[in-house]
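Peer 1: Structure file upload37.pdb (PDB, C-alpha atoms) right here:
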```pdb
ATOM      1  CA  MET A   1     -19.339   7.159 -35.092
ATOM      2  CA  LYS A   2     -20.809   4.341 -32.991
ATOM      3  CA  LYS A   3     -17.866   2.084 -33.840
ATOM      4  CA  ILE A   4     -15.368   4.702 -32.693
ATOM      5  CA  LEU A   5     -17.275   5.203 -29.448
ATOM      6  CA  LEU A   6     -17.377   1.432 -28.813
ATOM      7  CA  ILE A   7     -13.649   1.127 -29.492
ATOM      8  CA  LEU A   8     -12.916   3.951 -27.044
ATOM      9  CA  ILE A   9     -15.086   2.326 -24.384
ATOM     10  CA  PHE A  10     -13.364  -1.060 -24.811
ATOM     11  CA  LEU A  11      -9.924   0.555 -24.727
ATOM     12  CA  ASN A  12     -10.810   2.392 -21.517
ATOM     13  CA  VAL A  13     -12.092  -0.812 -19.866
ATOM     14  CA  GLY A  14      -8.965  -2.682 -20.995
ATOM     15  CA  VAL A  15      -6.641   0.000 -19.631
ATOM     16  CA  TYR A  16      -8.513  -0.002 -16.290
ATOM     17  CA  ALA A  17      -8.232  -3.802 -16.044
ATOM     18  CA  LEU A  18      -4.519  -3.645 -16.863
ATOM     19  CA  ASP A  19      -4.013  -0.844 -14.327
ATOM     20  CA  THR A  20      -5.930  -2.757 -11.661
ATOM     21  CA  GLN A  21      -3.919  -5.912 -12.241
ATOM     22  CA  SER A  22      -0.560  -4.109 -12.251
ATOM     23  CA  THR A  23      -1.486  -2.247  -9.062
ATOM     24  CA  LEU A  24      -2.469  -5.535  -7.438
ATOM     25  CA  ASN A  25       0.786  -7.152  -8.499
ATOM     26  CA  ILE A  26       2.867  -4.282  -7.116
ATOM     27  CA  TYR A  27       1.136  -4.235  -3.748
ATOM     28  CA  HIS A  28       1.188  -8.015  -3.499
ATOM     29  CA  GLU A  29       4.970  -8.046  -4.028
ATOM     30  CA  ILE A  30       5.545  -5.248  -1.509
ATOM     31  CA  PHE A  31       3.246  -6.711   1.146
ATOM     32  CA  SER A  32       4.708 -10.209   0.671
ATOM     33  CA  SER A  33       8.163  -8.802   1.270
ATOM     34  CA  LEU A  34       7.032  -6.898   4.380
ATOM     35  CA  LEU A  35       4.950  -9.688   5.907
ATOM     36  CA  GLY A  36       6.844 -12.791   4.883
ATOM     37  CA  SER A  37       4.550 -15.783   5.188
ATOM     38  CA  GLN A  38       1.857 -14.001   7.184
ATOM     39  CA  LYS A  39      -1.548 -13.742   5.549
ATOM     40  CA  MET A  40      -2.029 -10.356   3.891
ATOM     41  CA  LYS A  41      -4.972  -8.763   5.660
ATOM     42  CA  VAL A  42      -4.964  -5.127   4.610
ATOM     43  CA  TYR A  43      -6.902  -2.312   6.200
ATOM     44  CA  THR A  44      -7.368   0.903   4.241
ATOM     45  CA  ARG A  45     -10.026   3.568   4.023
ATOM     46  CA  ASP A  46      -8.998   4.501   0.469
ATOM     47  CA  LYS A  47     -12.053   3.692  -1.672
ATOM     48  CA  GLU A  48     -10.096   3.311  -4.915
ATOM     49  CA  LEU A  49      -7.600   0.894  -3.388
ATOM     50  CA  ARG A  50     -10.383  -1.079  -1.718
ATOM     51  CA  GLN A  51     -11.965  -1.510  -5.157
ATOM     52  CA  VAL A  52      -8.629  -2.694  -6.573
ATOM     53  CA  PHE A  53      -7.968  -5.104  -3.694
ATOM     54  CA  LYS A  54     -11.432  -6.667  -4.091
ATOM     55  CA  HIS A  55     -10.094  -8.329  -7.247
ATOM     56  CA  SER A  56      -7.198  -9.980  -5.424
ATOM     57  CA  LYS A  57      -7.025 -13.632  -4.479
ATOM     58  CA  LYS A  58      -3.959 -13.008  -2.304
ATOM     59  CA  ILE A  59      -4.762  -9.757  -0.487
ATOM     60  CA  VAL A  60      -7.691  -9.891   1.914
ATOM     61  CA  LEU A  61      -9.387  -6.649   2.874
ATOM     62  CA  SER A  62      -9.906  -6.259   6.597
ATOM     63  CA  ASP A  63     -12.849  -4.281   7.904
ATOM     64  CA  THR A  64     -11.142  -3.505  11.205
ATOM     65  CA  LEU A  65      -7.709  -2.380  12.284
ATOM     66  CA  ALA A  66      -7.527  -5.091  14.915
ATOM     67  CA  ASN A  67      -7.840  -7.894  12.349
ATOM     68  CA  SER A  68      -5.301  -6.504   9.880
ATOM     69  CA  THR A  69      -1.639  -7.370   9.382
ATOM     70  CA  ILE A  70      -0.873  -4.182   7.463
ATOM     71  CA  ILE A  71      -2.454  -0.737   7.338
ATOM     72  CA  LEU A  72      -2.269   1.146   4.060
ATOM     73  CA  VAL A  73      -2.427   4.881   4.793
ATOM     74  CA  SER A  74      -3.464   7.251   2.016
ATOM     75  CA  SER A  75      -4.157  10.483   3.863
ATOM     76  CA  GLN A  76      -3.224  12.365   6.992
ATOM     77  CA  SER A  77      -6.858  12.521   8.119
ATOM     78  CA  ASP A  78      -7.125   8.720   7.939
ATOM     79  CA  LEU A  79      -3.966   8.349   9.994
ATOM     80  CA  ARG A  80      -5.303  10.748  12.632
ATOM     81  CA  ARG A  81      -8.535   8.751  12.774
ATOM     82  CA  TYR A  82      -6.614   5.465  13.154
ATOM     83  CA  LYS A  83      -4.566   6.936  15.987
ATOM     84  CA  LYS A  84      -7.606   8.324  17.750
ATOM     85  CA  GLU A  85      -9.580   5.089  17.550
ATOM     86  CA  HIS A  86      -6.866   2.459  18.027
ATOM     87  CA  ILE A  87      -3.670   3.997  19.341
ATOM     88  CA  GLU A  88      -2.652   0.865  21.279
ATOM     89  CA  LYS A  89      -2.985  -1.410  18.232
ATOM     90  CA  LEU A  90      -0.984   0.842  15.882
ATOM     91  CA  ASN A  91       2.308  -0.018  17.556
ATOM     92  CA  HIS A  92       1.955  -3.678  16.545
ATOM     93  CA  ILE A  93       0.635  -3.401  12.976
ATOM     94  CA  ILE A  94       2.885  -2.551  10.031
ATOM     95  CA  MET A  95       1.924   0.722   8.366
ATOM     96  CA  PHE A  96       2.656   1.532   4.730
ATOM     97  CA  ALA A  97       1.792   4.765   2.879
ATOM     98  CA  THR A  98       0.790   5.918  -0.573
ATOM     99  CA  ASP A  99       2.241   9.398  -0.029
ATOM    100  CA  TYR A 100       5.838  10.536   0.503
ATOM    101  CA  ARG A 101       4.777  13.293   2.919
ATOM    102  CA  LEU A 102       3.189  10.727   5.233
ATOM    103  CA  LEU A 103       6.351   8.622   5.192
ATOM    104  CA  LYS A 104       8.429  11.680   6.013
ATOM    105  CA  LYS A 105       6.171  13.007   8.766
ATOM    106  CA  TYR A 106       5.201   9.852  10.704
ATOM    107  CA  ASP A 107       7.824   7.609  12.301
ATOM    108  CA  ASN A 108       5.603   4.541  12.494
ATOM    109  CA  ILE A 109       5.215   4.181   8.686
ATOM    110  CA  VAL A 110       7.846   1.758   7.339
ATOM    111  CA  GLY A 111       7.658   2.647   3.649
ATOM    112  CA  ALA A 112       5.707   4.192   0.823
ATOM    113  CA  PHE A 113       4.773   3.520  -2.774
ATOM    114  CA  TYR A 114       3.784   6.759  -4.479
ATOM    115  CA  TRP A 115       3.902   8.682  -7.750
ATOM    116  CA  LYS A 116       6.175  11.643  -8.403
ATOM    117  CA  LYS A 117       6.265  13.440 -11.768
ATOM    118  CA  GLY A 118       4.541  10.514 -13.452
ATOM    119  CA  ARG A 119       6.953   7.915 -12.111
ATOM    120  CA  SER A 120       6.393   5.354  -9.420
ATOM    121  CA  GLN A 121       8.597   5.650  -6.351
ATOM    122  CA  LEU A 122       9.229   3.106  -3.619
ATOM    123  CA  LEU A 123      11.008   3.837  -0.341
ATOM    124  CA  PHE A 124      11.599   2.021   2.929
ATOM    125  CA  ILE A 125      13.208   3.459   6.076
ATOM    126  CA  LYS A 126      15.852   1.146   7.549
ATOM    127  CA  HIS A 127      15.394   1.776  11.276
ATOM    128  CA  ARG A 128      11.605   1.481  10.913
ATOM    129  CA  LEU A 129      11.965  -1.885   9.186
ATOM    130  CA  ASP A 130      14.324  -2.957  11.981
ATOM    131  CA  LYS A 131      11.704  -2.012  14.579
ATOM    132  CA  TYR A 132       9.384  -4.682  13.125
ATOM    133  CA  HIS A 133      12.251  -7.121  12.427
ATOM    134  CA  ILE A 134      11.560  -6.963   8.692
ATOM    135  CA  LYS A 135      14.194  -8.282   6.296
ATOM    136  CA  LEU A 136      13.263  -7.332   2.754
ATOM    137  CA  ALA A 137      14.045  -9.468  -0.264
ATOM    138  CA  PRO A 138      17.309  -8.531  -2.015
ATOM    139  CA  LYS A 139      15.433  -6.920  -4.919
ATOM    140  CA  TYR A 140      14.096  -4.245  -2.526
ATOM    141  CA  ARG A 141      17.386  -3.380  -0.822
ATOM    142  CA  ALA A 142      18.053  -0.584  -3.331
ATOM    143  CA  PHE A 143      14.908   1.156  -2.053
ATOM    144  CA  ILE A 144      15.986   1.221   1.608
ATOM    145  CA  VAL A 145      17.266   4.539   2.937
ATOM    146  CA  ASP A 146      18.624   5.511   6.337
ATOM    147  CA  GLU A 147      16.956   8.925   6.522
ATOM    148  CA  LEU A 148      14.647  11.111   4.448
TER     149      LEU A 148
END
```
Is it possible to express this structure as structure tokens?
Peer 2:
Amino acid sequence: MKKILLILIFLNVGVYALDTQSTLNIYHEIFSSLLGSQKMKVYTRDKELRQVFKHSKKIVLSDTLANSTIILVSSQSDLRRYKKEHIEKLNHIIMFATDYRLLKKYDNIVGAFYWKKGRSQLLFIKHRLDKYHIKLAPKYRAFIVDEL
């Protein structure tokens, strides 16, 4: 019984490490495409994503909106808080979401990476990318849409 329990624990730890690394790789690719050569300083209030990003050598977590190059929005309440505290800075920092509804509702979010029916989805809005003069790598062009 102890052996089975140990195997289950090791499998769970291994799956978490694999999930963390794949999540890091995905966000690194997306942020690199959005920011170009700029340093990736990400601001998010999402505790799970902050834990994931702590393991990154390429993505630096920012403790303030003012020092970030990209804001990762995970909830509507976080976005409202960002707007209330730093409305003037939000027009100059790229915003990316983890929820389709946020992408659809807020015009200042350029794209989203989210899950729908167990599948990952990636979308970018063309005119929002244009606003920040972002030219995505060719591999992401299939994920650009004109409207939602």
Peer 1: Taking the file as shown, what set of residues would the PyMOL selection byres ((chain A and resi 60-63) around 8) give back, as a PyMOL selection string?
Peer 2: chain A and resi 40-44+50+53-54+56-59+64-65+67-68
Peer 1: Take the PyMOL selection byres ((chain A and resi 100) around 12), apply it to the structure above, and return the hits as a ChimeraX atom specification.
Peer 2: /A:73-76,96-99,101-106,109-116,120-125,148
Peer 1: For atom CA of Ile71 of chain A and atom CA of Met95 of chain A, determine how far apart the two atoms are, in Å to one decimal place.
Peer 2: 4.7 Å
Peer 1: Record the distance separating atom CA of Thr20 of chain A and atom CA of Gly118 of chain A, expressed in Å with one decimal.
Peer 2: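 Taking atom CA of Thr20 of chain A as the start and atom CA of Gly118 of chain A as the end point, the length is 17.0 Å.
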Peer 1: Taking (2.3, -8.1, 6.9) in the file's own coordinates, collect the residues within 8 Å, counting only C-alpha atoms, and hand them back as a PDB file with C-alpha atoms, keeping the file's coordinate frame.
Peer 2:
```pdb
ATOM      1  CA  PHE A  31       3.246  -6.711   1.146  1.00  0.00           C
ATOM      2  CA  SER A  32       4.708 -10.209   0.671  1.00  0.00           C
ATOM      3  CA  LEU A  34       7.032  -6.898   4.380  1.00  0.00           C
ATOM      4  CA  LEU A  35       4.950  -9.688   5.907  1.00  0.00           C
ATOM      5  CA  GLY A  36       6.844 -12.791   4.883  1.00  0.00           C
ATOM      6  CA  GLN A  38       1.857 -14.001   7.184  1.00  0.00           C
ATOM      7  CA  LYS A  39      -1.548 -13.742   5.549  1.00  0.00           C
ATOM      8  CA  MET A  40      -2.029 -10.356   3.891  1.00  0.00           C
ATOM      9  CA  LYS A  41      -4.972  -8.763   5.660  1.00  0.00           C
ATOM     10  CA  THR A  69      -1.639  -7.370   9.382  1.00  0.00           C
ATOM     11  CA  ILE A  70      -0.873  -4.182   7.463  1.00  0.00           C
ATOM     12  CA  ILE A  93       0.635  -3.401  12.976  1.00  0.00           C
ATOM     13  CA  ILE A  94       2.885  -2.551  10.031  1.00  0.00           C
TER      14      ILE A  94
END
```
Peer 1: What are the centre and the three edge lengths of an axis-aligned box that wraps all atoms of segment 45-53 of chain A in the file, given that 3 Å is added to every side, written as AutoDock Vina command-line options and rounded to one decimal in Å?
Peer 2:
```
--center_x -9.8 --center_y -0.3 --center_z -1.3 --size_x 10.5 --size_y 15.6 --size_z 16.6
```
Peer 1: With C-alpha atoms as the atom set, please write segment 11-76 of chain A from the structure just given, as a PDB file, in the first residue's frame.
Peer 2:
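The resulting file, decode_25.pdb, is shown below:
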```
ATOM      1  CA  LEU A  11       3.385  10.900 -10.460  1.00  0.00           C
ATOM      2  CA  ASN A  12       1.472  13.918  -9.158  1.00  0.00           C
ATOM      3  CA  VAL A  13       4.697  15.889  -8.566  1.00  0.00           C
ATOM      4  CA  GLY A  14       5.959  14.927 -12.035  1.00  0.00           C
ATOM      5  CA  VAL A  15       2.721  16.001 -13.714  1.00  0.00           C
ATOM      6  CA  TYR A  16       2.793  19.339 -11.839  1.00  0.00           C
ATOM      7  CA  ALA A  17       6.402  19.960 -12.920  1.00  0.00           C
ATOM      8  CA  LEU A  18       5.537  19.102 -16.526  1.00  0.00           C
ATOM      9  CA  ASP A  19       2.456  21.343 -16.387  1.00  0.00           C
ATOM     10  CA  THR A  20       4.462  24.200 -14.885  1.00  0.00           C
ATOM     11  CA  GLN A  21       7.156  23.922 -17.531  1.00  0.00           C
ATOM     12  CA  SER A  22       4.688  23.707 -20.428  1.00  0.00           C
ATOM     13  CA  THR A  23       2.761  26.702 -19.082  1.00  0.00           C
ATOM     14  CA  LEU A  24       6.006  28.653 -18.799  1.00  0.00           C
ATOM     15  CA  ASN A  25       6.988  27.733 -22.339  1.00  0.00           C
ATOM     16  CA  ILE A  26       3.617  28.808 -23.740  1.00  0.00           C
ATOM     17  CA  TYR A  27       3.609  32.168 -21.992  1.00  0.00           C
ATOM     18  CA  HIS A  28       7.247  32.791 -22.846  1.00  0.00           C
ATOM     19  CA  GLU A  29       6.522  32.240 -26.554  1.00  0.00           C
ATOM     20  CA  ILE A  30       3.431  34.464 -26.484  1.00  0.00           C
ATOM     21  CA  PHE A  31       5.081  37.268 -24.513  1.00  0.00           C
ATOM     22  CA  SER A  32       8.216  37.133 -26.694  1.00  0.00           C
ATOM     23  CA  SER A  33       6.052  37.563 -29.761  1.00  0.00           C
ATOM     24  CA  LEU A  34       4.136  40.476 -28.206  1.00  0.00           C
ATOM     25  CA  LEU A  35       7.141  42.289 -26.746  1.00  0.00           C
ATOM     26  CA  GLY A  36       9.854  41.564 -29.272  1.00  0.00           C
ATOM     27  CA  SER A  37      13.222  42.182 -27.664  1.00  0.00           C
ATOM     28  CA  GLN A  38      11.868  44.012 -24.626  1.00  0.00           C
ATOM     29  CA  LYS A  39      12.504  42.384 -21.267  1.00  0.00           C
ATOM     30  CA  MET A  40       9.480  40.401 -20.099  1.00  0.00           C
ATOM     31  CA  LYS A  41       8.385  42.025 -16.859  1.00  0.00           C
ATOM     32  CA  VAL A  42       4.953  40.619 -16.107  1.00  0.00           C
ATOM     33  CA  TYR A  43       2.474  41.935 -13.591  1.00  0.00           C
ATOM     34  CA  THR A  44      -0.358  39.670 -12.477  1.00  0.00           C
ATOM     35  CA  ARG A  45      -2.359  39.208  -9.316  1.00  0.00           C
ATOM     36  CA  ASP A  46      -3.135  35.571 -10.171  1.00  0.00           C
ATOM     37  CA  LYS A  47      -1.484  33.544  -7.389  1.00  0.00           C
ATOM     38  CA  GLU A  48      -1.212  30.340  -9.428  1.00  0.00           C
ATOM     39  CA  LEU A  49       0.454  32.081 -12.360  1.00  0.00           C
ATOM     40  CA  ARG A  50       2.800  33.960 -10.038  1.00  0.00           C
ATOM     41  CA  GLN A  51       3.897  30.592  -8.633  1.00  0.00           C
ATOM     42  CA  VAL A  52       4.475  29.277 -12.164  1.00  0.00           C
ATOM     43  CA  PHE A  53       6.392  32.376 -13.283  1.00  0.00           C
ATOM     44  CA  LYS A  54       8.690  32.162 -10.238  1.00  0.00           C
ATOM     45  CA  HIS A  55      10.331  29.177 -11.944  1.00  0.00           C
ATOM     46  CA  SER A  56      11.137  31.134 -15.099  1.00  0.00           C
ATOM     47  CA  LYS A  57      14.556  32.436 -16.034  1.00  0.00           C
ATOM     48  CA  LYS A  58      13.081  34.515 -18.866  1.00  0.00           C
ATOM     49  CA  ILE A  59       9.913  36.006 -17.362  1.00  0.00           C
ATOM     50  CA  VAL A  60      10.432  38.430 -14.496  1.00  0.00           C
ATOM     51  CA  LEU A  61       7.549  39.075 -12.134  1.00  0.00           C
ATOM     52  CA  SER A  62       6.912  42.745 -11.492  1.00  0.00           C
ATOM     53  CA  ASP A  63       5.489  43.871  -8.177  1.00  0.00           C
ATOM     54  CA  THR A  64       4.045  47.065  -9.633  1.00  0.00           C
ATOM     55  CA  LEU A  65       2.112  48.002 -12.732  1.00  0.00           C
ATOM     56  CA  ALA A  66       4.448  50.887 -13.450  1.00  0.00           C
ATOM     57  CA  ASN A  67       7.493  48.615 -13.779  1.00  0.00           C
ATOM     58  CA  SER A  68       5.843  46.001 -15.997  1.00  0.00           C
ATOM     59  CA  THR A  69       5.953  45.565 -19.766  1.00  0.00           C
ATOM     60  CA  ILE A  70       2.880  43.333 -19.861  1.00  0.00           C
ATOM     61  CA  ILE A  71      -0.119  42.878 -17.585  1.00  0.00           C
ATOM     62  CA  LEU A  72      -1.665  39.428 -17.410  1.00  0.00           C
ATOM     63  CA  VAL A  73      -5.334  39.787 -16.449  1.00  0.00           C
ATOM     64  CA  SER A  74      -7.141  36.796 -14.969  1.00  0.00           C
ATOM     65  CA  SER A  75     -10.318  38.317 -13.577  1.00  0.00           C
ATOM     66  CA  GLN A  76     -12.655  41.237 -14.044  1.00  0.00           C
TER      67      GLN A  76
END
```
